[in-house]
Amino acid sequence: MKKQILSGFLAATIFSTCASAAFTDIKSDKLNQTAYILKSFNIMQGDSPNTFSPERSITRAEFSKLLVTMLGITDVTAYKSYTIFPDVPNTHWAAGYINAVVRHPELQEKNIIKGYADGTFKPNNTISYGEACTMLLLALGYTIEDIGPMWPNDYVARAESLGLSPQNTTLYANSVMSRENTAYMLLNALFTNGKDNAPKPIDALVSGSDSEGAILIATSKTDTDLRENQAKFYLNGEIITKNTEGTLDDSMIGMRGTLYYSKKNTGSVIAILPEAGTRTESYTVSSVQADKIETTQGTTIKPNRDTMVYLNGSVGKFDENWFNLLANDEITLHYDSDGNITLIRTNARKTAENSFIYGTSTANPIPTDYKIIKNGVEIGRDSLKKYDVITIDTSTRTVNVSDNKLTGIYYDAKPAFKNPTKITMLGKEFDISEKLTSSFAKFKQGDRITLLLDNYGSVAAVYPASEIRAEMTGVFEKIDGTNAQIRLVNGMTIKGEIAESDKNLIGKLVTVSQSTTNKLSLIGYKAPTKKSGAWDIKSGKLGTTTVSPNVMVLEQVYDSAPIYISSVKQLPFNEVKSSDIRSTILDSSGNITAIILRDVSGDAWNYGYGYVSSEENEDGNETFTVTLKRYDSVNNSQVTLTYNPIGRPVGISGQPVGLAKGAELNQNRQFIDSIQLKRIATAKLADFDLNKGVKTSEGYYNIADDVQVYVTGLGKFITLNQAKADYTNFTLYAERTADKGGKIRVIAVS
């Protein structure tokens with residue numbers, strides 16, 4: 001069922017203007033966006049290109065014109081050649097509209113206007129609230145028999161019962177209509193069904209609507225990658241680009257709603273109509289950790305780990321992108337009607353103006369009383385390294401340091417290699433500032449170069465790789481054909497084609513380089529010896545070594561298992577024992593930027609029911625295949641994951657088990673370990689704390705977000721809510737006990 005749009009109409013929706021207002025004399029976001037929508041549908045324009053005059057009263061002639069255009073009648077030429085009312089001669093500017101209300105075939109039977117007893121229309125008189133209610137009701141097909149004989153009170157009461165009246169204001173039948181209140185009433189009427197559920201007036205103005213829940217992200221005015229009359233929308237976890245009827249107004253950026261398409265150009269978006277109950281909030285970031293965002297306004301935001309983040313033109317989950325949010329970033333939170341954050345959108349970052357490269361001839365002095373921050377950690381001046389990118393923020397008296405760099409082949413540039421405005425390297429596109437573009441004059445296509453990046457991810461400098469080279473280490477996390485995706489430990493993601501022989505490294509830590517043929521070359525990364533001691537998460541120390549608040553957390557559940565990208569938020573305790581730490585990776589200043597753990601969170605396994613099958617190969621040897629059946633909540637369907645183990649797996653067949661995430665992606669025969677789940681207890685409906693946890697005789701257990709619910713009698717998976725509706729007995733399985741951080745991973749019902 002479609003969500004209600006503009007219910008009430010705009011009363012239930014809270015707006016936050018994220019860009020320039022449509023009209024300079026409108027202070028209210030609600031009115032600004034109402035005016036924009038009416039302008040988009042060519043119903044109501046401003047008094048001038050930049051002003052709306054919200055407090056000015058509306059005349060009867062003006063209201064007649066607005067009513068006619070709201071009903072989809074745009075050509076009134078045929079009604080300009082004669083006079084119906086003596087005070088509206090055919091030379092009057094509104095004669096065509098007023099006459100059309102009386103004579104147009106679609107309107108004449110509705111008797112919307114009759115004039116006064118003396119035969120005049122009085123076009124320049126202001127229109128009252130009672131008159132406006134009457135005209136709108138008659139336009140929607142209602143008659144005096146439907147409404148009642150007492151004018152204007154019966155008409156006002158019926159209009160208000162249908163939701164036509166402006167909200168949060170008191171109007172009486174004889175109140176003079178302002179342009180502001182007129183705009184609200186027109187928009188409400190536009191989406192109100194006529195008598196006997198007749199079509200809404202909006203149906204005559206658009207070719208259709210779709211994409212419910214879309215959020216306008218950018219227009220061609222705010223995103224240079226877009227062509228004129230294009231816009232970007234966020235929808236169902238993806239960024240989509242659509243053509244638009246003209247340029248959508250910047251004031252609509254951040255609005256969540258349904259897209260409406262032009263009647264003239266059926267594939268072009270003409271407007272986005274907001275959903276009821278949705279809202280936005282804007283903040284400035286002060287600091288970010290894996291489980292929360294602190295703001296300069298004093299608010300702590302705790303997104304879910306799968307909350308989507310829009311940043312630098314791309315979108316990804318919070319737990320995969322939180323470290324890319326920086327202090328002083330302006331962010332907008334988008335909430336759905338249930339109050340959940342569906343998107344965190346970063347507003348356009350300003351290019352760093354005070355950046356330079358430390359230790360070079362062009363470096364500037366660093367103020368002695370400024371705090372120096374590198375990878376989220378305060379460091380001393382003696383920890384700075386040559387080629388660090390320094391950005392001085394005078395507003396916070398902070399020196400922000402970045403040691404992020406990429407080395408690759410200078411392979412793609414626009415418009416020219418000697419003077420680029422954009423380059424693409426390692427699957428990432430970078431804008432090149434006007435100040436920096438001349439630095440590329442000494443390079444030609446095919447040269448190996450190193451890009452130094454500031455804290456905003458922008459290119460701050462370019463050097464030949466022979467002078468400075470990036471050590472690019474990361475997790476080989478995805479593959480599509482021969483195209484690989486590697487998540488570097490500094491948080492950046494790079495992509496490129498790889499050799500067939502490198503495919504077996506999927507799920508491993510790798511060191512990446514790029515060949516002159518533009519292919520990525522991968523080598524298995526041997527992590528250095530770990531720093532000694534336990535990791536105290538709250539203090540940010542592993543033994544005596546500082547851990548970056550932006551630390552990448554990786555888990556490898558057994559020695560040959562794929563690497564799972566976890567997060568601090570997923571760890572069940574505030575301290576990780578030394579024995580659970582495999583190794584650490586340091587930045588150039590000696591602080592920890594990545595930690596490889598053993599099985600700590602329990603989230604690095606795919607849970608479900610495991611099965612083993614075997615067959616004899618050509619050599620007469622028995623080979624085995626392991627399948628894991630589980631429920632995929634994204635696609636709402638049961639899936640089967642296939643593993644190819646070396647040797648005979650034990651303790652898997654027909655049991656609730658866990659198999660390492662990512663191992664199913666490698667089709668080569670491999671060692672496969674599993675985790676057998678523990679039967680905790682049998683629970684009743686009353687034992688559940690919604691879907692968050694469950695009380696048992698063994699204590700309280702949290703329920704995993706992707707808990708697998710299996711109907712043993714039917715051999716299929718269902719959702720927990722479905723199980724609660726149909727069953728009363730629940731057998732609970734966890735990977736370990738609650739005191740060791742275990743969660744309910746599988747629930748069996750029958």
# chains A, B, ... in the order shown; residues from 1 in each chain; ligands from 1

$ select_by_dssp --residues "range 480-680 of chain A" --states "strand (DSSP E or B)" --output "VMD selection string"
chain A and resid 480 483 to 488 493 to 498 509 to 514 520 to 524 535 to 536 541 to 542 545 to 555 564 to 565 575 to 576 581 to 586 592 to 597 605 to 616 622 to 632 637 to 643 645 653 655 to 660 670 674 to 676 678 to 680

$ residues_around --residues "Ala686 in chain A" --least-positions-apart "2" --cutoff "12 Å" --atoms "only C-alpha atoms" --output "number ranges by chain"
A: 682-684, 688-691, 693-696, 724, 728-730

$ write_last_selection --atoms "C-alpha atoms" --output "CSV table (one decimal), in the first residue's frame"
chain,number,residue,atom,x,y,z
A,682,THR,CA,13.4,-23.8,24.5
A,683,ALA,CA,11.6,-20.5,24.8
A,684,LYS,CA,8.0,-19.3,24.7
A,688,PHE,CA,11.0,-12.6,23.8
A,689,ASP,CA,12.0,-9.0,24.2
A,690,LEU,CA,10.5,-8.0,20.9
A,691,ASN,CA,13.1,-9.2,18.3
A,693,GLY,CA,16.6,-10.6,22.8
A,694,VAL,CA,15.2,-13.5,24.7
A,695,LYS,CA,15.2,-14.6,28.4
A,696,THR,CA,16.3,-18.1,29.1
A,724,LYS,CA,5.9,-15.8,16.2
A,728,THR,CA,4.6,-21.2,20.3
A,729,ASN,CA,7.8,-23.3,21.0
A,730,PHE,CA,11.2,-22.0,19.9

$ residues_around --residues "Lys414 in chain A" --least-positions-apart "2" --cutoff "10 Å" --atoms "only C-alpha atoms" --output "list in words"
Asp412, Ala416, Phe417, Lys418, Asn419, Pro420, Thr421, Lys422, Ile423, Thr424, Asp431 and Ile432 of chain A

$ write_last_selection --atoms "C-alpha atoms" --output "short mmCIF file (atom, residue, chain, number, x, y, z; two decimals), in the first residue's frame"
data_model
loop_
_atom_site.label_atom_id
_atom_site.label_comp_id
_atom_site.auth_asym_id
_atom_site.auth_seq_id
_atom_site.Cartn_x
_atom_site.Cartn_y
_atom_site.Cartn_z
CA ASP A 412 42.60 7.97 -17.95
CA ALA A 416 43.81 16.05 -21.52
CA PHE A 417 46.66 14.24 -19.74
CA LYS A 418 48.78 17.40 -19.52
CA ASN A 419 45.97 19.55 -18.13
CA PRO A 420 43.31 17.33 -16.50
CA THR A 421 40.22 18.34 -14.58
CA LYS A 422 39.38 14.69 -13.78
CA ILE A 423 41.46 11.53 -13.67
CA THR A 424 40.55 7.90 -13.03
CA ASP A 431 38.54 15.88 -9.43
CA ILE A 432 41.74 17.85 -10.01
#

$ residues_around --residues "Gly427 in chain A" --least-positions-apart "3" --cutoff "9 Å" --atoms "only C-alpha atoms" --output "list in words"
Thr424, Thr493, Ile494, Lys495 and Gly496 of chain A

$ select_by_dssp --residues "range 471-715 of chain A" --states "helix (DSSP H, G or I)" --output "ChimeraX atom specification"
/A:500-505,568-570,578-580,663-665,685-687

$ residues_around --residues "Ile486 in chain A" --least-positions-apart "3" --cutoff "12 Å" --atoms "only C-alpha atoms" --output "PyMOL selection string"
chain A and resi 426-428+472-479+483+489-498+505-513+520-522+563+565

$ write_last_selection --atoms "N, CA and C atoms" --output "tab-separated table (two decimals), in the first residue's frame"
chain	number	residue	atom	x	y	z
A	426	LEU	N	42.86	3.33	-10.51
A	426	LEU	CA	42.49	2.24	-9.61
A	426	LEU	C	40.98	2.17	-9.39
A	427	GLY	N	40.24	2.50	-10.46
A	427	GLY	CA	38.79	2.43	-10.40
A	427	GLY	C	38.14	3.58	-9.67
A	428	LYS	N	38.91	4.61	-9.28
A	428	LYS	CA	38.36	5.76	-8.58
A	428	LYS	C	38.54	7.01	-9.43
A	472	MET	N	49.85	-0.29	-0.59
A	472	MET	CA	48.40	-0.46	-0.61
A	472	MET	C	48.04	-1.88	-0.14
A	473	THR	N	47.58	-1.95	1.10
A	473	THR	CA	47.21	-3.22	1.71
A	473	THR	C	45.73	-3.19	2.03
A	474	GLY	N	45.04	-4.30	1.74
A	474	GLY	CA	43.62	-4.35	2.02
A	474	GLY	C	43.04	-5.74	1.88
A	475	VAL	N	41.74	-5.82	2.00
A	475	VAL	CA	41.01	-7.09	1.92
A	475	VAL	C	40.42	-7.23	0.52
A	476	PHE	N	40.74	-8.33	-0.14
A	476	PHE	CA	40.15	-8.66	-1.44
A	476	PHE	C	38.74	-9.17	-1.14
A	477	GLU	N	37.74	-8.27	-1.25
A	477	GLU	CA	36.42	-8.62	-0.72
A	477	GLU	C	35.40	-9.04	-1.77
A	478	LYS	N	35.56	-8.65	-3.03
A	478	LYS	CA	34.56	-9.00	-4.03
A	478	LYS	C	35.23	-9.25	-5.37
A	479	ILE	N	34.53	-10.03	-6.22
A	479	ILE	CA	35.00	-10.23	-7.58
A	479	ILE	C	33.80	-10.40	-8.49
A	483	ASN	N	37.07	-8.72	-12.48
A	483	ASN	CA	37.17	-7.40	-11.86
A	483	ASN	C	37.07	-7.54	-10.34
A	489	VAL	N	43.14	-0.75	4.01
A	489	VAL	CA	43.03	-0.56	5.46
A	489	VAL	C	42.84	0.91	5.83
A	490	ASN	N	43.09	1.82	4.89
A	490	ASN	CA	42.82	3.24	5.17
A	490	ASN	C	41.37	3.60	4.86
A	491	GLY	N	40.55	2.60	4.50
A	491	GLY	CA	39.13	2.83	4.27
A	491	GLY	C	38.74	3.02	2.83
A	492	MET	N	39.71	3.31	1.95
A	492	MET	CA	39.40	3.51	0.54
A	492	MET	C	39.15	2.18	-0.15
A	493	THR	N	38.35	2.21	-1.19
A	493	THR	CA	38.07	1.03	-2.00
A	493	THR	C	38.62	1.25	-3.40
A	494	ILE	N	39.38	0.29	-3.90
A	494	ILE	CA	39.91	0.37	-5.25
A	494	ILE	C	39.42	-0.83	-6.04
A	495	LYS	N	39.37	-0.68	-7.36
A	495	LYS	CA	38.85	-1.73	-8.22
A	495	LYS	C	39.73	-1.86	-9.46
A	496	GLY	N	39.70	-3.05	-10.06
A	496	GLY	CA	40.43	-3.25	-11.29
A	496	GLY	C	40.44	-4.70	-11.72
A	497	GLU	N	40.86	-4.92	-12.94
A	497	GLU	CA	40.93	-6.27	-13.47
A	497	GLU	C	42.16	-6.97	-12.90
A	498	ILE	N	42.01	-8.28	-12.62
A	498	ILE	CA	43.13	-9.05	-12.08
A	498	ILE	C	43.38	-10.27	-12.97
A	505	LEU	N	42.98	-15.57	-4.18
A	505	LEU	CA	43.29	-14.74	-3.01
A	505	LEU	C	42.06	-14.04	-2.46
A	506	ILE	N	40.89	-14.29	-3.04
A	506	ILE	CA	39.68	-13.63	-2.54
A	506	ILE	C	39.48	-13.94	-1.06
A	507	GLY	N	39.14	-12.91	-0.31
A	507	GLY	CA	38.94	-13.06	1.13
A	507	GLY	C	40.21	-12.91	1.93
A	508	LYS	N	41.34	-12.68	1.26
A	508	LYS	CA	42.62	-12.59	1.96
A	508	LYS	C	43.07	-11.13	2.07
A	509	LEU	N	43.99	-10.90	3.00
A	509	LEU	CA	44.71	-9.64	3.04
A	509	LEU	C	45.74	-9.67	1.92
A	510	VAL	N	45.75	-8.62	1.11
A	510	VAL	CA	46.66	-8.58	-0.04
A	510	VAL	C	47.36	-7.24	-0.12
A	511	THR	N	48.51	-7.24	-0.78
A	511	THR	CA	49.18	-6.01	-1.17
A	511	THR	C	48.94	-5.82	-2.66
A	512	VAL	N	48.56	-4.61	-3.03
A	512	VAL	CA	48.11	-4.34	-4.39
A	512	VAL	C	49.12	-3.44	-5.11
A	513	SER	N	49.38	-3.76	-6.36
A	513	SER	CA	50.11	-2.86	-7.26
A	513	SER	C	49.40	-2.90	-8.60
A	520	LEU	N	45.46	-5.02	-11.97
A	520	LEU	CA	45.93	-5.08	-10.59
A	520	LEU	C	46.72	-6.37	-10.39
A	521	SER	N	47.79	-6.26	-9.63
A	521	SER	CA	48.59	-7.42	-9.26
A	521	SER	C	48.48	-7.59	-7.75
A	522	LEU	N	48.10	-8.79	-7.31
A	522	LEU	CA	47.85	-9.05	-5.89
A	522	LEU	C	48.88	-10.03	-5.34
A	563	ILE	N	39.12	-13.20	5.40
A	563	ILE	CA	39.06	-12.06	6.31
A	563	ILE	C	37.65	-11.48	6.28
A	565	ILE	N	35.38	-8.24	7.37
A	565	ILE	CA	35.47	-6.84	7.79
A	565	ILE	C	34.41	-6.58	8.84

$ residues_around --residues "Tyr370 in chain A" --least-positions-apart "5" --cutoff "9 Å" --atoms "only C-alpha atoms" --output "list in words"
Ile392, Thr394, Thr396, Arg397, Thr398 and Val399 of chain A

$ closest_residue --among "A:Leu259, A:Val176, A:Val68, A:Val309" --to "Leu107 in chain A" --atoms "only C-alpha atoms"
A:Val68

$ closest_residue --among "A:Ser220, A:Thr627, A:Asn606, A:Thr593" --to "Gln676 in chain A" --atoms "only C-alpha atoms"
A:Asn606

$ closest_atom_pairs --of "range 669-711 of chain A" --to "range 640-653 of chain A" --cutoff "12 Å" --atoms "only C-alpha atoms" --output "JSON lines"
{"residue": "A:Arg669", "atom": "CA", "partner": "A:Asn644", "partner_atom": "CA", "distance": 5.0}
{"residue": "A:Gln670", "atom": "CA", "partner": "A:Pro645", "partner_atom": "CA", "distance": 5.0}
{"residue": "A:Phe671", "atom": "CA", "partner": "A:Ile646", "partner_atom": "CA", "distance": 5.3}
{"residue": "A:Ile672", "atom": "CA", "partner": "A:Pro645", "partner_atom": "CA", "distance": 5.5}
{"residue": "A:Asp673", "atom": "CA", "partner": "A:Pro649", "partner_atom": "CA", "distance": 7.9}
{"residue": "A:Ser674", "atom": "CA", "partner": "A:Ile652", "partner_atom": "CA", "distance": 7.6}
{"residue": "A:Ile675", "atom": "CA", "partner": "A:Ile652", "partner_atom": "CA", "distance": 8.9}
{"residue": "A:Gln676", "atom": "CA", "partner": "A:Gly651", "partner_atom": "CA", "distance": 7.4}
{"residue": "A:Leu677", "atom": "CA", "partner": "A:Ile652", "partner_atom": "CA", "distance": 10.4}

$ write_last_selection --atoms "N, CA and C atoms" --output "PDB file, in the first residue's frame"
ATOM      1  N   ARG A 669      39.329 -26.076  -4.049  1.00  0.00           N
ATOM      2  CA  ARG A 669      39.270 -26.928  -2.868  1.00  0.00           C
ATOM      3  C   ARG A 669      40.060 -26.278  -1.738  1.00  0.00           C
ATOM      4  N   GLN A 670      39.472 -26.213  -0.573  1.00  0.00           N
ATOM      5  CA  GLN A 670      40.095 -25.474   0.515  1.00  0.00           C
ATOM      6  C   GLN A 670      39.744 -26.128   1.845  1.00  0.00           C
ATOM      7  N   PHE A 671      40.573 -25.815   2.830  1.00  0.00           N
ATOM      8  CA  PHE A 671      40.250 -26.274   4.179  1.00  0.00           C
ATOM      9  C   PHE A 671      39.062 -25.469   4.690  1.00  0.00           C
ATOM     10  N   ILE A 672      38.054 -26.148   5.198  1.00  0.00           N
ATOM     11  CA  ILE A 672      36.867 -25.471   5.713  1.00  0.00           C
ATOM     12  C   ILE A 672      36.617 -25.935   7.138  1.00  0.00           C
ATOM     13  N   ASP A 673      36.631 -24.991   8.037  1.00  0.00           N
ATOM     14  CA  ASP A 673      36.273 -25.279   9.423  1.00  0.00           C
ATOM     15  C   ASP A 673      34.844 -24.789   9.635  1.00  0.00           C
ATOM     16  N   SER A 674      34.230 -25.257  10.684  1.00  0.00           N
ATOM     17  CA  SER A 674      32.860 -24.852  10.979  1.00  0.00           C
ATOM     18  C   SER A 674      32.725 -24.624  12.472  1.00  0.00           C
ATOM     19  N   ILE A 675      31.650 -23.954  12.843  1.00  0.00           N
ATOM     20  CA  ILE A 675      31.342 -23.762  14.250  1.00  0.00           C
ATOM     21  C   ILE A 675      29.989 -24.409  14.512  1.00  0.00           C
ATOM     22  N   GLN A 676      29.965 -25.345  15.441  1.00  0.00           N
ATOM     23  CA  GLN A 676      28.719 -26.015  15.787  1.00  0.00           C
ATOM     24  C   GLN A 676      27.994 -25.197  16.851  1.00  0.00           C
ATOM     25  N   LEU A 677      26.728 -24.922  16.604  1.00  0.00           N
ATOM     26  CA  LEU A 677      25.964 -24.091  17.524  1.00  0.00           C
ATOM     27  C   LEU A 677      25.521 -24.889  18.742  1.00  0.00           C
TER      28      LEU A 677
END

$ decode --residues "range 265-300 of chain A" --atoms "C-alpha atoms" --output "PDB file, in the first residue's frame"
ATOM      1  CA  ASN A 265       8.137  14.394 -21.437  1.00  0.00           C
ATOM      2  CA  THR A 266       6.936  11.177 -19.843  1.00  0.00           C
ATOM      3  CA  GLY A 267      10.376  10.004 -18.687  1.00  0.00           C
ATOM      4  CA  SER A 268      11.326  13.256 -16.951  1.00  0.00           C
ATOM      5  CA  VAL A 269      10.748  13.964 -13.256  1.00  0.00           C
ATOM      6  CA  ILE A 270       8.725  17.113 -12.752  1.00  0.00           C
ATOM      7  CA  ALA A 271       8.577  17.089  -8.939  1.00  0.00           C
ATOM      8  CA  ILE A 272       9.082  15.036  -5.793  1.00  0.00           C
ATOM      9  CA  LEU A 273       6.208  14.971  -3.314  1.00  0.00           C
ATOM     10  CA  PRO A 274       7.149  14.399   0.336  1.00  0.00           C
ATOM     11  CA  GLU A 275       5.839  11.541   2.441  1.00  0.00           C
ATOM     12  CA  ALA A 276       3.931  12.234   5.608  1.00  0.00           C
ATOM     13  CA  GLY A 277       5.893  11.803   8.823  1.00  0.00           C
ATOM     14  CA  THR A 278       9.342  11.864   7.235  1.00  0.00           C
ATOM     15  CA  ARG A 279      11.821  14.399   8.499  1.00  0.00           C
ATOM     16  CA  THR A 280      15.409  15.540   8.241  1.00  0.00           C
ATOM     17  CA  GLU A 281      17.900  16.897  10.770  1.00  0.00           C
ATOM     18  CA  SER A 282      21.143  18.696  10.010  1.00  0.00           C
ATOM     19  CA  TYR A 283      24.299  18.633  12.142  1.00  0.00           C
ATOM     20  CA  THR A 284      28.004  19.408  12.030  1.00  0.00           C
ATOM     21  CA  VAL A 285      30.296  16.508  12.890  1.00  0.00           C
ATOM     22  CA  SER A 286      32.749  16.910  15.755  1.00  0.00           C
ATOM     23  CA  SER A 287      34.021  13.300  15.860  1.00  0.00           C
ATOM     24  CA  VAL A 288      33.085   9.856  14.558  1.00  0.00           C
ATOM     25  CA  GLN A 289      33.526   6.373  15.954  1.00  0.00           C
ATOM     26  CA  ALA A 290      32.403   2.997  14.656  1.00  0.00           C
ATOM     27  CA  ASP A 291      29.153   3.127  16.637  1.00  0.00           C
ATOM     28  CA  LYS A 292      28.330   6.828  16.914  1.00  0.00           C
ATOM     29  CA  ILE A 293      28.656  10.349  15.555  1.00  0.00           C
ATOM     30  CA  GLU A 294      29.260  13.240  17.938  1.00  0.00           C
ATOM     31  CA  THR A 295      28.129  16.657  16.728  1.00  0.00           C
ATOM     32  CA  THR A 296      29.089  20.228  17.523  1.00  0.00           C
ATOM     33  CA  GLN A 297      25.474  20.776  18.586  1.00  0.00           C
ATOM     34  CA  GLY A 298      26.018  18.308  21.454  1.00  0.00           C
ATOM     35  CA  THR A 299      23.883  15.530  19.960  1.00  0.00           C
ATOM     36  CA  THR A 300      25.114  11.922  19.850  1.00  0.00           C
TER      37      THR A 300
END
